[in-house]
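One file, coords-v2.txt, is given below (compact mmCIF, C-alpha atoms).
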```txt
# COMPACT_ATOMS: atom_id res chain seq x y z
CA MET F 16 -10.55 95.62 20.14
CA LEU F 17 -14.29 96.36 19.98
CA GLN F 18 -13.99 97.02 16.25
CA LEU F 19 -12.14 93.71 15.83
CA LYS F 20 -14.96 91.86 17.63
CA LYS F 21 -17.46 93.35 15.19
CA MET F 22 -15.36 92.11 12.24
CA LEU F 23 -15.07 88.53 13.51
CA GLY F 24 -18.65 87.28 13.76
CA ASP F 25 -19.40 83.79 12.43
CA ALA F 26 -18.09 84.05 8.86
CA ALA F 27 -16.61 81.11 6.94
CA VAL F 28 -13.26 82.92 6.57
CA PHE F 29 -11.53 85.90 8.14
CA ASN F 30 -11.85 89.04 6.08
CA GLY F 31 -8.92 91.14 4.92
CA GLU F 32 -9.10 93.52 7.88
CA VAL F 33 -8.81 90.67 10.39
CA LEU F 34 -5.93 89.10 8.46
CA ASN F 35 -4.17 92.47 8.31
CA TRP F 36 -4.60 92.87 12.08
CA ILE F 37 -3.15 89.39 12.70
CA ALA F 38 -0.16 90.25 10.52
CA GLU F 39 0.34 93.65 12.17
CA GLU F 40 0.30 92.00 15.61
CA ASN F 41 2.68 89.33 14.25
CA LEU F 42 0.50 86.60 15.75
CA TRP F 43 1.48 83.90 13.25
CA ASN F 44 4.97 84.16 14.73
CA ILE F 45 4.36 83.91 18.48
CA TRP F 46 7.12 81.31 18.89
CA VAL F 47 9.42 82.37 16.02
CA PRO F 48 12.76 83.91 17.12
CA LYS F 49 13.21 87.64 16.64
CA GLN F 50 16.10 87.04 14.22
CA TYR F 51 13.53 85.56 11.83
CA GLY F 52 10.94 88.29 12.39
CA GLY F 53 9.02 86.66 15.23
CA LEU F 54 7.80 87.73 18.67
CA GLU F 55 9.92 85.07 20.43
CA LEU F 56 7.57 84.87 23.41
CA SER F 57 8.34 82.63 26.34
CA PHE F 58 6.15 79.56 26.75
CA THR F 59 3.98 81.14 29.45
CA GLU F 60 3.70 84.45 27.59
CA GLY F 61 2.66 82.63 24.42
CA LEU F 62 0.03 80.58 26.22
CA LYS F 63 -1.48 83.72 27.75
CA LYS F 64 -1.61 85.34 24.32
CA LEU F 65 -3.36 82.32 22.79
CA GLN F 66 -5.85 82.17 25.65
CA SER F 67 -6.69 85.86 25.27
CA LEU F 68 -7.40 85.33 21.56
CA ALA F 69 -9.65 82.33 22.26
CA ARG F 70 -11.46 84.44 24.87
CA LEU F 71 -12.08 87.04 22.17
CA ASP F 72 -13.22 84.59 19.47
CA GLY F 73 -12.98 80.80 19.15
CA SER F 74 -12.01 80.68 15.49
CA LEU F 75 -9.39 83.38 16.00
CA GLY F 76 -7.76 81.66 18.96
CA TRP F 77 -7.88 78.22 17.35
CA THR F 78 -6.46 79.37 14.02
CA ILE F 79 -3.61 81.36 15.57
CA THR F 80 -2.84 78.46 17.92
CA LEU F 81 -2.63 75.84 15.17
CA CYS F 82 -0.81 78.05 12.65
CA SER F 83 1.65 79.60 15.10
CA GLY F 84 2.06 76.03 16.36
CA ALA F 85 3.01 74.99 12.84
CA ASN F 86 5.41 77.95 12.60
CA TYR F 87 6.93 76.48 15.78
CA PHE F 88 8.43 73.86 13.42
CA ILE F 89 10.97 76.52 12.49
CA GLY F 90 12.94 74.97 15.35
CA ASN F 91 12.94 71.60 13.56
CA LEU F 92 14.09 72.88 10.17
CA GLN F 93 17.70 72.76 9.09
CA PRO F 94 19.29 76.25 9.28
CA GLU F 95 19.63 76.78 5.54
CA THR F 96 15.97 75.82 5.03
CA THR F 97 14.92 78.24 7.77
CA GLU F 98 16.89 81.07 6.14
CA GLU F 99 15.28 80.32 2.80
CA ILE F 100 11.65 80.07 3.94
CA PHE F 101 11.63 82.84 6.55
CA ALA F 102 13.32 85.37 4.28
CA GLU F 103 9.69 86.39 3.60
CA PRO F 104 6.71 86.28 6.00
CA ALA F 105 5.64 82.66 6.35
CA ILE F 106 2.43 81.09 7.65
CA PHE F 107 2.59 77.34 8.21
CA GLY F 108 -0.29 74.96 8.75
CA GLY F 109 -1.20 71.43 7.87
CA SER F 110 -2.06 68.01 9.14
CA GLY F 111 -0.68 65.77 11.86
CA GLY F 112 -2.20 62.68 10.23
CA MET F 113 -0.27 60.13 8.18
CA PHE F 114 -2.40 60.29 5.06
CA GLY F 115 0.20 60.07 2.28
CA THR F 116 3.51 58.74 1.03
CA ALA F 117 6.98 60.09 0.30
CA GLU F 118 8.91 58.10 -2.28
CA LYS F 119 12.68 58.45 -1.87
CA LEU F 120 14.34 59.50 -5.15
CA GLY F 121 18.01 60.32 -4.54
CA GLY F 122 18.12 63.55 -2.54
CA ASN F 123 14.42 64.21 -3.10
CA TYR F 124 11.06 62.80 -2.09
CA LYS F 125 7.97 62.54 -4.29
CA LEU F 126 4.87 63.31 -2.22
CA ASN F 127 1.38 61.98 -2.86
CA GLY F 128 -1.73 61.90 -0.72
CA THR F 129 -4.72 63.69 0.72
CA TRP F 130 -4.41 65.13 4.20
CA ARG F 131 -7.27 66.25 6.45
CA TYR F 132 -7.77 69.06 8.94
CA ALA F 133 -5.37 71.80 7.85
CA THR F 134 -6.44 74.70 10.07
CA GLY F 135 -6.22 78.06 8.31
CA ALA F 136 -5.82 76.47 4.87
CA PRO F 137 -6.77 79.60 2.84
CA TYR F 138 -4.35 81.78 4.82
CA LEU F 139 -1.21 79.63 4.56
CA THR F 140 2.00 80.24 2.63
CA HIS F 141 3.26 76.70 3.37
CA PHE F 142 1.68 73.37 4.26
CA THR F 143 3.16 70.83 6.65
CA LEU F 144 2.42 67.11 6.43
CA ASN F 145 3.53 63.66 7.56
CA ALA F 146 4.21 60.95 4.99
CA ARG F 147 5.21 57.28 5.08
CA ILE F 148 8.58 56.60 3.44
CA ILE F 149 8.82 54.40 0.36
CA GLU F 150 12.15 53.23 -1.10
CA ASN F 151 12.55 51.00 -4.15
CA GLY F 152 8.81 50.46 -4.22
CA LYS F 153 8.67 49.19 -0.65
CA GLU F 154 7.20 50.94 2.38
CA GLN F 155 9.84 51.32 5.09
CA THR F 156 9.22 50.27 8.69
CA ASN F 157 10.89 50.72 12.05
CA ASP F 158 12.17 47.83 14.16
CA ASP F 159 8.81 47.59 15.93
CA GLY F 160 6.97 47.28 12.62
CA SER F 161 5.53 50.79 12.64
CA PRO F 162 5.85 52.81 9.42
CA LYS F 163 8.83 55.08 8.99
CA PHE F 164 7.76 58.62 8.24
CA LEU F 165 9.07 62.14 7.84
CA SER F 166 7.42 65.52 8.12
CA PHE F 167 7.66 67.97 5.22
CA VAL F 168 6.98 71.63 4.53
CA ILE F 169 5.96 72.66 1.00
CA PRO F 170 4.76 75.93 -0.59
CA ALA F 171 1.02 76.49 -0.78
CA ASN F 172 1.14 76.71 -4.59
CA GLN F 173 2.00 72.98 -4.69
CA VAL F 174 -1.18 72.04 -2.83
CA SER F 175 -4.83 71.73 -3.87
CA ILE F 176 -7.23 72.76 -1.07
CA ILE F 177 -10.40 70.67 -0.73
CA GLU F 178 -13.06 72.89 0.85
CA ASP F 179 -14.76 70.35 3.12
CA TRP F 180 -14.86 72.15 6.50
CA ASN F 181 -18.62 72.35 7.12
CA THR F 182 -18.77 72.10 10.92
CA MET F 183 -21.18 73.88 13.26
CA GLY F 184 -18.37 75.93 14.83
CA LEU F 185 -14.84 77.29 14.37
CA LYS F 186 -15.98 78.18 10.87
CA ALA F 187 -13.33 80.79 10.09
CA SER F 188 -10.59 78.35 11.08
CA ALA F 189 -11.27 76.94 7.57
CA THR F 190 -9.78 73.58 8.55
CA HIS F 191 -9.98 72.07 5.08
CA SER F 192 -8.37 68.98 3.58
CA PHE F 193 -5.63 69.28 0.96
CA GLU F 194 -4.22 67.12 -1.80
CA VAL F 195 -0.65 66.75 -3.06
CA LYS F 196 0.06 65.02 -6.37
CA ASN F 197 3.57 64.01 -7.47
CA VAL F 198 5.28 66.97 -5.79
CA LEU F 199 9.07 66.62 -5.73
CA VAL F 200 10.59 67.99 -2.54
CA ASP F 201 14.26 68.38 -1.64
CA GLU F 202 15.12 66.39 1.50
CA ARG F 203 16.15 69.71 3.10
CA HIS F 204 12.44 70.44 3.42
CA SER F 205 11.83 67.41 5.62
CA PHE F 206 12.04 67.50 9.40
CA VAL F 207 11.66 65.37 12.51
CA TYR F 208 9.58 66.28 15.56
CA ASN F 209 11.65 66.86 18.70
CA THR F 210 14.90 67.35 16.74
CA PHE F 211 15.74 71.04 17.11
CA TYR F 212 18.30 73.36 15.54
CA LEU F 213 17.47 76.56 17.45
CA GLU F 214 18.71 77.39 20.93
CA GLN F 215 15.68 79.12 22.47
CA PRO F 216 14.30 77.17 25.49
CA VAL F 217 10.80 76.90 23.97
CA PHE F 218 12.20 74.56 21.31
CA LYS F 219 13.35 72.11 23.99
CA ILE F 220 9.71 71.32 24.83
CA HIS F 221 8.48 67.87 23.85
CA PHE F 222 5.94 68.41 21.08
CA SER F 223 3.11 66.52 22.80
CA VAL F 224 3.48 68.83 25.83
CA PHE F 225 3.49 71.85 23.55
CA ALA F 226 0.34 70.61 21.78
CA ASP F 227 -1.52 69.70 24.98
CA LEU F 228 -0.93 73.04 26.67
CA THR F 229 -1.51 75.29 23.66
CA LEU F 230 -4.85 73.60 22.92
CA TRP F 231 -5.85 73.44 26.59
CA VAL F 232 -5.65 77.23 26.97
CA ASN F 233 -8.00 77.57 24.00
CA TYR F 234 -10.70 75.60 25.79
CA ILE F 235 -10.15 77.70 28.89
CA GLY F 236 -10.33 80.93 26.88
CA MET F 237 -13.57 79.94 25.15
CA ALA F 238 -15.10 78.89 28.48
CA GLU F 239 -14.08 82.26 29.95
CA HIS F 240 -15.80 83.99 27.04
CA LEU F 241 -19.01 82.04 27.69
CA LEU F 242 -18.86 82.86 31.40
CA GLU F 243 -18.46 86.56 30.64
CA GLU F 244 -21.25 86.69 28.04
CA ALA F 245 -23.66 84.62 30.17
CA SER F 246 -23.19 86.84 33.23
CA LEU F 247 -25.36 84.76 35.56
CA PRO F 248 -23.44 84.91 38.86
CA ASP F 249 -26.56 84.00 40.85
CA LYS F 250 -26.81 80.57 39.16
CA PRO F 251 -24.98 77.60 40.75
CA ALA F 252 -24.12 76.34 37.23
CA TRP F 253 -22.38 79.65 36.47
CA LYS F 254 -20.34 79.35 39.67
CA ASP F 255 -19.44 75.75 38.81
CA LEU F 256 -18.07 76.86 35.44
CA GLU F 257 -16.20 79.69 37.15
CA GLN F 258 -14.59 77.14 39.50
CA ALA F 259 -13.72 74.77 36.65
CA ILE F 260 -12.03 77.64 34.81
CA TYR F 261 -10.11 78.69 37.91
CA SER F 262 -8.87 75.13 38.45
CA ALA F 263 -7.91 74.74 34.79
CA ASN F 264 -5.94 78.00 34.77
CA GLU F 265 -4.11 77.06 37.94
CA LYS F 266 -3.11 73.62 36.67
CA ALA F 267 -2.20 74.71 33.15
CA TYR F 268 0.09 77.53 34.23
CA ASP F 269 1.70 75.51 37.02
CA PHE F 270 2.69 72.99 34.36
CA ALA F 271 3.84 75.75 31.98
CA LYS F 272 6.10 77.32 34.61
CA HIS F 273 7.52 73.92 35.52
CA ILE F 274 8.28 73.19 31.86
CA GLU F 275 9.95 76.60 31.52
CA THR F 276 12.13 75.84 34.53
CA LEU F 277 13.19 72.47 33.12
CA THR F 278 13.93 73.76 29.62
CA GLY F 279 15.73 76.80 31.04
CA LYS F 280 18.07 74.41 32.84
CA GLU F 281 18.30 72.25 29.69
CA GLU F 282 16.88 69.29 31.60
CA VAL F 283 14.97 66.52 29.85
CA ILE F 284 11.21 66.53 30.44
CA PRO F 285 10.45 63.18 32.13
CA GLU F 286 8.04 60.80 30.42
CA THR F 287 6.00 60.67 33.62
CA LEU F 288 5.49 64.45 33.47
CA ILE F 289 4.54 64.30 29.77
CA ASN F 290 1.88 61.71 30.59
CA GLU F 291 0.69 63.65 33.64
CA ILE F 292 0.23 66.83 31.63
CA HIS F 293 -1.75 65.00 28.97
CA GLN F 294 -4.06 63.22 31.38
CA THR F 295 -4.61 66.33 33.51
CA SER F 296 -5.45 68.43 30.47
CA VAL F 297 -7.90 65.80 29.16
CA ASP F 298 -9.59 65.57 32.57
CA SER F 299 -9.72 69.35 32.87
CA VAL F 300 -11.37 69.79 29.47
CA ARG F 301 -13.88 67.10 30.41
CA GLU F 302 -14.78 69.09 33.55
CA LEU F 303 -15.04 72.32 31.57
CA SER F 304 -17.36 70.61 29.09
CA LYS F 305 -19.64 69.31 31.85
CA ALA F 306 -19.84 72.79 33.34
CA VAL F 307 -20.56 74.42 29.97
CA ILE F 308 -23.36 71.91 29.28
CA ALA F 309 -24.82 72.46 32.76
CA LEU F 310 -24.91 76.23 32.21
CA TYR F 311 -26.46 76.06 28.74
CA PRO F 312 -30.12 75.56 29.84
CA HIS F 313 -29.89 78.83 31.81
CA LEU F 314 -28.93 80.89 28.75
CA GLY F 315 -32.48 81.17 27.46
CA VAL F 316 -33.61 81.23 23.85
CA LYS F 317 -30.75 83.56 22.93
CA GLY F 318 -28.37 80.66 23.56
CA SER F 319 -30.09 78.84 20.69
CA ARG F 320 -30.09 81.71 18.21
CA GLU F 321 -27.45 81.10 15.56
CA ASN F 322 -26.66 84.80 15.29
CA HIS F 323 -26.07 85.25 19.02
CA THR F 324 -22.58 85.33 20.55
CA LEU F 325 -23.50 82.80 23.24
CA ASN F 326 -24.59 80.30 20.61
CA GLN F 327 -21.42 80.85 18.58
CA ILE F 328 -19.20 80.29 21.63
CA PHE F 329 -21.07 77.07 22.45
CA ARG F 330 -20.67 75.80 18.87
CA ASP F 331 -17.01 76.80 18.71
CA TYR F 332 -16.21 75.16 22.04
CA PHE F 333 -17.79 71.81 21.19
CA THR F 334 -16.30 71.76 17.71
CA ALA F 335 -12.88 72.27 19.30
CA THR F 336 -13.44 69.38 21.73
CA GLN F 337 -13.44 66.98 18.77
CA HIS F 338 -9.67 67.37 18.41
CA HIS F 339 -8.33 63.84 18.61
CA ILE F 340 -5.82 64.39 21.44
CA PHE F 341 -8.64 65.44 23.77
CA THR F 342 -10.95 62.56 22.92
CA LYS F 343 -8.59 59.82 24.15
```

Mind converting the file's structure to C-alpha cells?
Amino acid sequence: MLQLKKMLGDAAVFNGEVLNWIAEENLWNIWVPKQYGGLELSFTEGLKKLQSLARLDGSLGWTITLCSGANYFIGNLQPETTEEIFAEPAIFGGSGGMFGTAEKLGGNYKLNGTWRYATGAPYLTHFTLNARIIENGKEQTNDDGSPKFLSFVIPANQVSIIEDWNTMGLKASATHSFEVKNVLVDERHSFVYNTFYLEQPVFKIHFSVFADLTLWVNYIGMAEHLLEEASLPDKPAWKDLEQAIYSANEKAYDFAKHIETLTGKEEVIPETLINEIHQTSVDSVRELSKAVIALYPHLGVKGSRENHTLNQIFRDYFTATQHHIFTK
C-alpha cells in the first residue's frame, strides 16, 4: 500500500502500475456479479471499499467510484447485451448530462453530440451517455413536456475524447468531455435507469440513492485523509472535523444498512426516504466542507505547497464538491 501511495501523487493520469493494481484488485467491478467476473460486494461492503480508496487518494477513490458506478449499469442492460459486453473485461464511464440526440432508425439509433465530465475517460472500454430521442425529424416528449431520452453504452473506439479536464484537483480522474458523430447503435445497447434485469439486491436500489451514498463516502474518505495527515489533535478545528466525520459515517452507514434491509426484502424504497437521504448527504457534505475550511489555516505553509499531500487533499476535496448533485 505504501508503494501504491508513492505511485499516485498528483499526476494528470494514472500510470500503468496503478492501472494494473486496479485491475488485479478488480475494483472496476465492485458491483458486478461474480458470474460476469465481478466482486459482487454488498452495498455496505462496496461503500466501505470506495471510502477506503478515497482515504488513500482522492483521484483514485473518485475514479473507481464513478467508473464502478457506471459498471453498475450492467444491471440495466438486457441479458444478451450483458453477455456480449462482459465476455471481456469492461470499464464503463460517461456522462449523466443530456448533451446529445439519438435519432431512431428502425432497430437502431444514430447518436450525435458532445458530452461533458466523463470520469476516467482514458481508461474506459465503453462510454455511457444520455440522449434525447428524435423520430421522423421531431424531438419526442413525455406527457409532461419533458424530453424523452434513453441511455446508451458504446465502445470507446466510437468516441473522440476532448482533453479539457484542467481543474485544480482530482487530476488523475481525467474527467474529460467526449464527442460522438453519427454513430449507429443497435437498440439493444440502450437502457433505462431503475429498470433491472439482474436479481442481486444491490440492483434494486434507486439510482439517486446509489449515487448519493457512493459519492458521500468519497467526501468522508478524503476528509479522513486530511484529518490523518494534519494530525493536530490539540486544535479545536481538528476536533470539529473529527466530529463532522464521525457524524457523517454514522448517518451514511445507517442509511446504507436500511437500504440493504429494504432491498433484501424486495420492498420499494419510499420517495420520502430517497429525499431524506439526498438532503442529509448534502447537509453532511456542507458540514464537512466548513470543518475542512476551518482547519486549513492551521496547516501552515505546507498546506499551500502544491507538492504537499495536505494541499493535494484540499484541492481534490473541493474539486469533488463541485459535483452537481451536491451543489443543490

Here is a test: counting only C-alpha atoms, which residue of F:Gln294, F:Asn127, F:Thr287, F:Thr97 is nearest to F:Arg203?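 Among F:Gln294, F:Asn127, F:Thr287, F:Thr97, it is F:Thr97 that comes nearest to F:Arg203.
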
So that I can see what lies close to F:Val300, please list as a PyMOL selection string the residues with an atom at most 8 Å from it, counting all atoms listed in the file and leaving out residues fewer than 4 positions away in the same chain. chain F and resi 231+234+296+304+341

A straight line from atom CA of F:Ser192 to atom CA of F:Asn91 spans 23.7 Å

Could you pull out every residue with an atom within 10 Å of (-14.1, 79.7, 36.8), file coordinates, counting all atoms listed in the file, and send them as an NGL selection string? :F and (235 or 238-239 or 242 or 253-264 or 303 or 306)

For a quick check of understanding, using all atoms listed in the file, which of F:His221, F:His273, F:Arg301, F:Lys280 has the smallest distance to F:Tyr87? F:His221

Pick the closest to F:Asp72 from F:Val33, F:Ala267, F:Ile340, F:Leu199: which is it, counting all atoms listed in the file?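 With all atoms listed in the file as the atom set, the closest residue is F:Val33.
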
Please report as JSON lines every residue of stretch 68-118 of chain F lying within 12 Å of stretch 328-336 of chain F, along with the nearest atom pair and their distance in Å (one decimal), using all atoms listed in the file.
```
{"residue": "F:Ala69", "atom": "CA", "partner": "F:Tyr332", "partner_atom": "CA", "distance": 9.7}
{"residue": "F:Arg70", "atom": "CA", "partner": "F:Ile328", "partner_atom": "CA", "distance": 9.4}
{"residue": "F:Leu71", "atom": "CA", "partner": "F:Ile328", "partner_atom": "CA", "distance": 9.8}
{"residue": "F:Asp72", "atom": "CA", "partner": "F:Ile328", "partner_atom": "CA", "distance": 7.7}
{"residue": "F:Gly73", "atom": "CA", "partner": "F:Asp331", "partner_atom": "CA", "distance": 5.7}
{"residue": "F:Ser74", "atom": "CA", "partner": "F:Asp331", "partner_atom": "CA", "distance": 7.1}
{"residue": "F:Leu75", "atom": "CA", "partner": "F:Asp331", "partner_atom": "CA", "distance": 10.4}
{"residue": "F:Gly76", "atom": "CA", "partner": "F:Asp331", "partner_atom": "CA", "distance": 10.5}
{"residue": "F:Trp77", "atom": "CA", "partner": "F:Ala335", "partner_atom": "CA", "distance": 8.0}
{"residue": "F:Thr78", "atom": "CA", "partner": "F:Ala335", "partner_atom": "CA", "distance": 10.9}
{"residue": "F:Thr80", "atom": "CA", "partner": "F:Ala335", "partner_atom": "CA", "distance": 11.9}
{"residue": "F:Leu81", "atom": "CA", "partner": "F:Ala335", "partner_atom": "CA", "distance": 11.6}
```

Using only C-alpha atoms for the distances, tell me which of F:Tyr124, F:Ile169, F:Lys272, F:His204 is nearest to F:Glu95.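 Selected residue with least distance to F:Glu95: F:His204.
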
Polymer residues at most 12 Å from F:Val47, only C-alpha atoms, same-chain spacing of 4 or more positions, as a ChimeraX atom specification: /F:41-43,51-58,61,82-91,97,101,104-107,213-218

Since the input lacks atoms, please generate all heavy atoms for stretch 132-143 of chain F and provide them as a PDB file, in the frame of the given file.
```pdb
ATOM      1  N   TYR F 132      -7.800  68.169   7.784  1.00  0.00           N
ATOM      2  CA  TYR F 132      -7.770  69.060   8.940  1.00  0.00           C
ATOM      3  C   TYR F 132      -6.560  69.996   8.964  1.00  0.00           C
ATOM      4  O   TYR F 132      -5.794  70.019   9.920  1.00  0.00           O
ATOM      5  CB  TYR F 132      -7.832  68.244  10.242  1.00  0.00           C
ATOM      6  CG  TYR F 132      -8.982  67.275  10.286  1.00  0.00           C
ATOM      7  CD1 TYR F 132      -8.775  65.935  10.582  1.00  0.00           C
ATOM      8  CD2 TYR F 132     -10.281  67.692   9.997  1.00  0.00           C
ATOM      9  CE1 TYR F 132      -9.831  65.027  10.610  1.00  0.00           C
ATOM     10  CE2 TYR F 132     -11.345  66.798  10.012  1.00  0.00           C
ATOM     11  CZ  TYR F 132     -11.111  65.468  10.321  1.00  0.00           C
ATOM     12  OH  TYR F 132     -12.165  64.582  10.333  1.00  0.00           O
ATOM     13  N   ALA F 133      -6.423  70.778   7.903  1.00  0.00           N
ATOM     14  CA  ALA F 133      -5.370  71.800   7.850  1.00  0.00           C
ATOM     15  C   ALA F 133      -5.980  73.133   8.273  1.00  0.00           C
ATOM     16  O   ALA F 133      -6.556  73.863   7.456  1.00  0.00           O
ATOM     17  CB  ALA F 133      -4.781  71.902   6.454  1.00  0.00           C
ATOM     18  N   THR F 134      -5.865  73.456   9.551  1.00  0.00           N
ATOM     19  CA  THR F 134      -6.440  74.700  10.070  1.00  0.00           C
ATOM     20  C   THR F 134      -5.819  75.907   9.357  1.00  0.00           C
ATOM     21  O   THR F 134      -4.604  75.984   9.188  1.00  0.00           O
ATOM     22  CB  THR F 134      -6.200  74.805  11.576  1.00  0.00           C
ATOM     23  OG1 THR F 134      -6.934  73.769  12.230  1.00  0.00           O
ATOM     24  CG2 THR F 134      -6.647  76.152  12.116  1.00  0.00           C
ATOM     25  N   GLY F 135      -6.686  76.838   8.966  1.00  0.00           N
ATOM     26  CA  GLY F 135      -6.220  78.060   8.310  1.00  0.00           C
ATOM     27  C   GLY F 135      -5.817  77.876   6.869  1.00  0.00           C
ATOM     28  O   GLY F 135      -5.104  78.726   6.319  1.00  0.00           O
ATOM     29  N   ALA F 136      -6.280  76.815   6.227  1.00  0.00           N
ATOM     30  CA  ALA F 136      -5.820  76.470   4.870  1.00  0.00           C
ATOM     31  C   ALA F 136      -5.778  77.649   3.894  1.00  0.00           C
ATOM     32  O   ALA F 136      -4.783  77.819   3.180  1.00  0.00           O
ATOM     33  CB  ALA F 136      -6.674  75.329   4.308  1.00  0.00           C
ATOM     34  N   PRO F 137      -6.815  78.513   3.824  1.00  0.00           N
ATOM     35  CA  PRO F 137      -6.770  79.600   2.840  1.00  0.00           C
ATOM     36  C   PRO F 137      -5.740  80.686   3.151  1.00  0.00           C
ATOM     37  O   PRO F 137      -5.426  81.509   2.289  1.00  0.00           O
ATOM     38  CB  PRO F 137      -8.185  80.198   2.897  1.00  0.00           C
ATOM     39  CG  PRO F 137      -9.009  79.213   3.646  1.00  0.00           C
ATOM     40  CD  PRO F 137      -8.083  78.514   4.568  1.00  0.00           C
ATOM     41  N   TYR F 138      -5.235  80.699   4.394  1.00  0.00           N
ATOM     42  CA  TYR F 138      -4.350  81.780   4.820  1.00  0.00           C
ATOM     43  C   TYR F 138      -2.859  81.405   4.724  1.00  0.00           C
ATOM     44  O   TYR F 138      -1.991  82.255   4.935  1.00  0.00           O
ATOM     45  CB  TYR F 138      -4.640  82.166   6.280  1.00  0.00           C
ATOM     46  CG  TYR F 138      -6.101  82.191   6.645  1.00  0.00           C
ATOM     47  CD1 TYR F 138      -6.570  81.516   7.778  1.00  0.00           C
ATOM     48  CD2 TYR F 138      -7.026  82.878   5.862  1.00  0.00           C
ATOM     49  CE1 TYR F 138      -7.917  81.528   8.123  1.00  0.00           C
ATOM     50  CE2 TYR F 138      -8.382  82.889   6.194  1.00  0.00           C
ATOM     51  CZ  TYR F 138      -8.816  82.216   7.327  1.00  0.00           C
ATOM     52  OH  TYR F 138     -10.150  82.222   7.658  1.00  0.00           O
ATOM     53  N   LEU F 139      -2.569  80.146   4.419  1.00  0.00           N
ATOM     54  CA  LEU F 139      -1.210  79.630   4.560  1.00  0.00           C
ATOM     55  C   LEU F 139      -0.297  79.977   3.377  1.00  0.00           C
ATOM     56  O   LEU F 139      -0.746  80.049   2.229  1.00  0.00           O
ATOM     57  CB  LEU F 139      -1.242  78.100   4.715  1.00  0.00           C
ATOM     58  CG  LEU F 139      -2.144  77.537   5.818  1.00  0.00           C
ATOM     59  CD1 LEU F 139      -2.073  76.014   5.825  1.00  0.00           C
ATOM     60  CD2 LEU F 139      -1.742  78.103   7.175  1.00  0.00           C
ATOM     61  N   THR F 140       0.980  80.139   3.675  1.00  0.00           N
ATOM     62  CA  THR F 140       2.000  80.240   2.630  1.00  0.00           C
ATOM     63  C   THR F 140       2.675  78.896   2.409  1.00  0.00           C
ATOM     64  O   THR F 140       3.227  78.635   1.346  1.00  0.00           O
ATOM     65  CB  THR F 140       3.091  81.266   2.989  1.00  0.00           C
ATOM     66  OG1 THR F 140       3.810  80.821   4.159  1.00  0.00           O
ATOM     67  CG2 THR F 140       2.493  82.635   3.263  1.00  0.00           C
ATOM     68  N   HIS F 141       2.642  78.024   3.441  1.00  0.00           N
ATOM     69  CA  HIS F 141       3.260  76.700   3.370  1.00  0.00           C
ATOM     70  C   HIS F 141       2.398  75.683   4.118  1.00  0.00           C
ATOM     71  O   HIS F 141       1.798  76.026   5.138  1.00  0.00           O
ATOM     72  CB  HIS F 141       4.661  76.699   3.991  1.00  0.00           C
ATOM     73  CG  HIS F 141       5.660  77.528   3.248  1.00  0.00           C
ATOM     74  ND1 HIS F 141       5.683  78.907   3.306  1.00  0.00           N
ATOM     75  CD2 HIS F 141       6.685  77.159   2.413  1.00  0.00           C
ATOM     76  CE1 HIS F 141       6.666  79.360   2.551  1.00  0.00           C
ATOM     77  NE2 HIS F 141       7.286  78.323   1.996  1.00  0.00           N
ATOM     78  N   PHE F 142       2.387  74.466   3.611  1.00  0.00           N
ATOM     79  CA  PHE F 142       1.680  73.370   4.260  1.00  0.00           C
ATOM     80  C   PHE F 142       2.680  72.379   4.857  1.00  0.00           C
ATOM     81  O   PHE F 142       3.720  72.103   4.243  1.00  0.00           O
ATOM     82  CB  PHE F 142       0.784  72.639   3.268  1.00  0.00           C
ATOM     83  CG  PHE F 142      -0.506  73.346   2.972  1.00  0.00           C
ATOM     84  CD1 PHE F 142      -0.528  74.498   2.194  1.00  0.00           C
ATOM     85  CD2 PHE F 142      -1.710  72.876   3.478  1.00  0.00           C
ATOM     86  CE1 PHE F 142      -1.714  75.164   1.912  1.00  0.00           C
ATOM     87  CE2 PHE F 142      -2.904  73.531   3.212  1.00  0.00           C
ATOM     88  CZ  PHE F 142      -2.909  74.674   2.428  1.00  0.00           C
ATOM     89  N   THR F 143       2.359  71.875   6.032  1.00  0.00           N
ATOM     90  CA  THR F 143       3.160  70.830   6.650  1.00  0.00           C
ATOM     91  C   THR F 143       2.368  69.523   6.624  1.00  0.00           C
ATOM     92  O   THR F 143       1.145  69.535   6.708  1.00  0.00           O
ATOM     93  CB  THR F 143       3.537  71.170   8.100  1.00  0.00           C
ATOM     94  OG1 THR F 143       2.330  71.298   8.882  1.00  0.00           O
ATOM     95  CG2 THR F 143       4.330  72.470   8.172  1.00  0.00           C
TER      96      THR F 143
END
```
